[in-house]
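J.: Pasting work-v5.cif below, which is mmCIF, C-alpha atoms and all ligand atoms; chains and numbers go by the auth columns.
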```
data_protein
#
loop_
_atom_site.group_PDB
_atom_site.id
_atom_site.type_symbol
_atom_site.label_atom_id
_atom_site.label_comp_id
_atom_site.label_asym_id
_atom_site.label_seq_id
_atom_site.Cartn_x
_atom_site.Cartn_y
_atom_site.Cartn_z
_atom_site.B_iso_or_equiv
_atom_site.auth_seq_id
_atom_site.auth_asym_id
ATOM 1 C CA MET A 1 15.800 -32.937 88.366 0.00 1 A
ATOM 2 C CA VAL A 2 12.421 -31.390 87.830 0.00 2 A
ATOM 3 C CA VAL A 3 9.893 -33.676 86.276 0.00 3 A
ATOM 4 C CA GLY A 4 7.952 -31.850 83.617 0.00 4 A
ATOM 5 C CA TRP A 5 4.464 -32.287 82.396 0.00 5 A
ATOM 6 C CA ILE A 6 3.634 -35.565 80.787 0.00 6 A
ATOM 7 C CA ALA A 7 1.218 -35.771 77.915 0.00 7 A
ATOM 8 C CA VAL A 8 -0.974 -38.828 78.177 0.00 8 A
ATOM 9 C CA PRO A 9 -2.954 -39.819 75.127 0.00 9 A
ATOM 10 C CA ILE A 10 -6.393 -41.256 75.713 0.00 10 A
ATOM 11 C CA PRO A 11 -7.958 -42.653 72.553 0.00 11 A
ATOM 12 C CA LYS A 12 -11.534 -41.677 73.266 0.00 12 A
ATOM 13 C CA TYR A 13 -11.029 -38.470 75.151 0.00 13 A
ATOM 14 C CA GLY A 14 -8.210 -36.785 73.333 0.00 14 A
ATOM 15 C CA GLN A 15 -5.296 -35.795 75.459 0.00 15 A
ATOM 16 C CA TYR A 16 -4.708 -34.558 78.945 0.00 16 A
ATOM 17 C CA LEU A 17 -1.700 -33.638 81.016 0.00 17 A
ATOM 18 C CA VAL A 18 -0.714 -34.832 84.458 0.00 18 A
ATOM 19 C CA CYS A 19 0.446 -32.012 86.713 0.00 19 A
ATOM 20 C CA PRO A 20 3.893 -32.820 88.165 0.00 20 A
ATOM 21 C CA LYS A 21 3.017 -30.998 91.365 0.00 21 A
ATOM 22 C CA CYS A 22 -0.460 -32.139 92.343 0.00 22 A
ATOM 23 C CA ARG A 23 -1.034 -35.007 89.897 0.00 23 A
ATOM 24 C CA SER A 24 -4.288 -33.541 88.663 0.00 24 A
ATOM 25 C CA GLN A 25 -5.372 -34.214 85.125 0.00 25 A
ATOM 26 C CA VAL A 26 -5.877 -31.084 83.103 0.00 26 A
ATOM 27 C CA SER A 27 -6.638 -30.339 79.470 0.00 27 A
ATOM 28 C CA ALA A 28 -3.681 -30.566 77.096 0.00 28 A
ATOM 29 C CA ASP A 29 -4.531 -27.041 75.988 0.00 29 A
ATOM 30 C CA SER A 30 -4.107 -25.593 79.469 0.00 30 A
ATOM 31 C CA LYS A 31 -1.234 -23.256 80.203 0.00 31 A
ATOM 32 C CA TYR A 32 -1.522 -23.642 83.951 0.00 32 A
ATOM 33 C CA CYS A 33 -2.757 -26.382 86.229 0.00 33 A
ATOM 34 C CA ASN A 34 -6.401 -25.793 87.074 0.00 34 A
ATOM 35 C CA TYR A 35 -5.818 -26.957 90.623 0.00 35 A
ATOM 36 C CA CYS A 36 -2.479 -25.668 91.888 0.00 36 A
ATOM 37 C CA GLY A 37 -1.448 -23.116 89.265 0.00 37 A
ATOM 38 C CA GLU A 38 1.716 -24.931 88.205 0.00 38 A
ATOM 39 C CA MET A 39 2.861 -23.545 84.869 0.00 39 A
ATOM 40 C CA LEU A 40 2.722 -25.743 81.826 0.00 40 A
ATOM 41 C CA ARG A 41 5.976 -26.209 79.971 0.00 41 A
ATOM 42 C CA PRO A 42 5.162 -26.838 76.328 0.00 42 A
ATOM 43 C CA GLN A 43 8.739 -27.599 75.349 0.00 43 A
ATOM 44 C CA LEU A 44 8.681 -30.666 77.558 0.00 44 A
ATOM 45 C CA ILE A 45 5.433 -31.953 76.258 0.00 45 A
ATOM 46 C CA LEU A 46 4.957 -32.333 72.605 0.00 46 A
ATOM 47 C CA LYS A 47 6.490 -32.610 69.251 0.00 47 A
ATOM 48 C CA ILE A 48 4.844 -33.681 66.047 0.00 48 A
ATOM 49 C CA CYS A 49 5.674 -36.996 64.419 0.00 49 A
ATOM 50 C CA SER A 50 7.112 -36.421 60.976 0.00 50 A
ATOM 51 C CA ARG A 51 5.217 -39.386 59.582 0.00 51 A
ATOM 52 C CA CYS A 52 1.756 -39.462 61.149 0.00 52 A
ATOM 53 C CA GLN A 53 1.543 -35.984 62.722 0.00 53 A
ATOM 54 C CA ASN A 54 0.744 -37.543 66.079 0.00 54 A
ATOM 55 C CA ARG A 55 1.652 -35.410 69.071 0.00 55 A
ATOM 56 C CA ILE A 56 4.197 -37.187 71.233 0.00 56 A
ATOM 57 C CA ILE A 57 6.398 -36.275 74.164 0.00 57 A
ATOM 58 C CA SER A 58 9.553 -34.478 73.137 0.00 58 A
ATOM 59 C CA ALA A 59 11.765 -37.018 74.917 0.00 59 A
ATOM 60 C CA ALA A 60 10.337 -39.940 72.943 0.00 60 A
ATOM 61 C CA HIS A 61 12.664 -41.755 70.577 0.00 61 A
ATOM 62 C CA TYR A 62 9.913 -43.454 68.662 0.00 62 A
ATOM 63 C CA CYS A 63 6.379 -42.451 67.794 0.00 63 A
ATOM 64 C CA PRO A 64 3.923 -44.569 69.813 0.00 64 A
ATOM 65 C CA GLU A 65 1.451 -44.476 66.947 0.00 65 A
ATOM 66 C CA CYS A 66 3.475 -45.423 63.890 0.00 66 A
ATOM 67 C CA GLY A 67 6.927 -46.369 65.220 0.00 67 A
ATOM 68 C CA GLN A 68 8.696 -43.641 63.286 0.00 68 A
ATOM 69 C CA LYS A 69 12.124 -42.941 64.780 0.00 69 A
ATOM 70 C CA GLN A 70 12.245 -39.380 66.066 0.00 70 A
HETATM 71 ZN ZN ZN B . -1.283 -29.003 89.745 0.00 1 B
HETATM 72 ZN ZN ZN B . 4.002 -41.328 64.077 0.00 2 B
#
```
Could I get this structure in the form of structure tokens?

T.:
Amino acid sequence: MVVGWIAVPIPKYGQYLVCPKCRSQVSADSKYCNYCGEMLRPQLILKICSRCQNRIISAAHYCPECGQKQ
């Protein structure tokens, strides 16, 4: 199973992604890894919480911000 990109929220610095290939941290807005060129897969990364509009990983069952069931 291929591990996709993981969105990691950082309160003070916004959000970055961890590349599944080289483990580099790149901007959440990036389409490709800055370091190894691995393609970003948006469908694995984010969805929007229906309650607080927080961006959370699509596999999440609950919003980490407000606890809303997804
Ligand atoms: Zn990479
Ligand atoms: Zn929420």

J.: List as a ChimeraX atom specification the protein and nucleic acid residues near Lys31 of chain A, meaning an atom at most 8 Å away when only C-alpha atoms are counted, but skip any in the same chain fewer than 2 places from it.

T.: /A:29,33,39-41

J.: Would you list the contacts of segment 48-50 of chain A as a VMD selection string, taking every protein, DNA or RNA residue within 12 Å and counting only C-alpha atoms, but skipping same-chain residues closer than 4 positions in sequence?

T.: chain A and resid 43 54 to 70

J.: Any chance you could resolve the PyMOL selection byres (((chain A and resi 21) around 8) and not hetatm) against this file and give the residues as a list in words?

T.: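 Output from the PyMOL selection byres (((chain A and resi 21) around 8) and not hetatm), applied to this file: Cys19, Pro20, Cys22, Arg23, Cys36 and Glu38 of chain A.
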
J.: Please determine, counting only C-alpha atoms and all ligand atoms, which residue among A:Tyr35, A:Gln25, A:Ser30, A:Leu17 has the shortest atom-to-atom distance to ligand ZN 1 (chain B).

T.: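 That would be A:Tyr35, the residue with the smallest distance to ligand ZN 1 (chain B).
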
J.: Around all the atoms of segment 17-28 of chain A listed in the file, draw an axis-aligned box and extend it by 8 Å on each of the six sides; I want its centre and edge lengths in Å to one decimal, as lines of an AutoDock Vina configuration file.

T.:
```
center_x = -1.4
center_y = -32.7
center_z = 84.7
size_x = 26.5
size_y = 20.7
size_z = 31.2
```
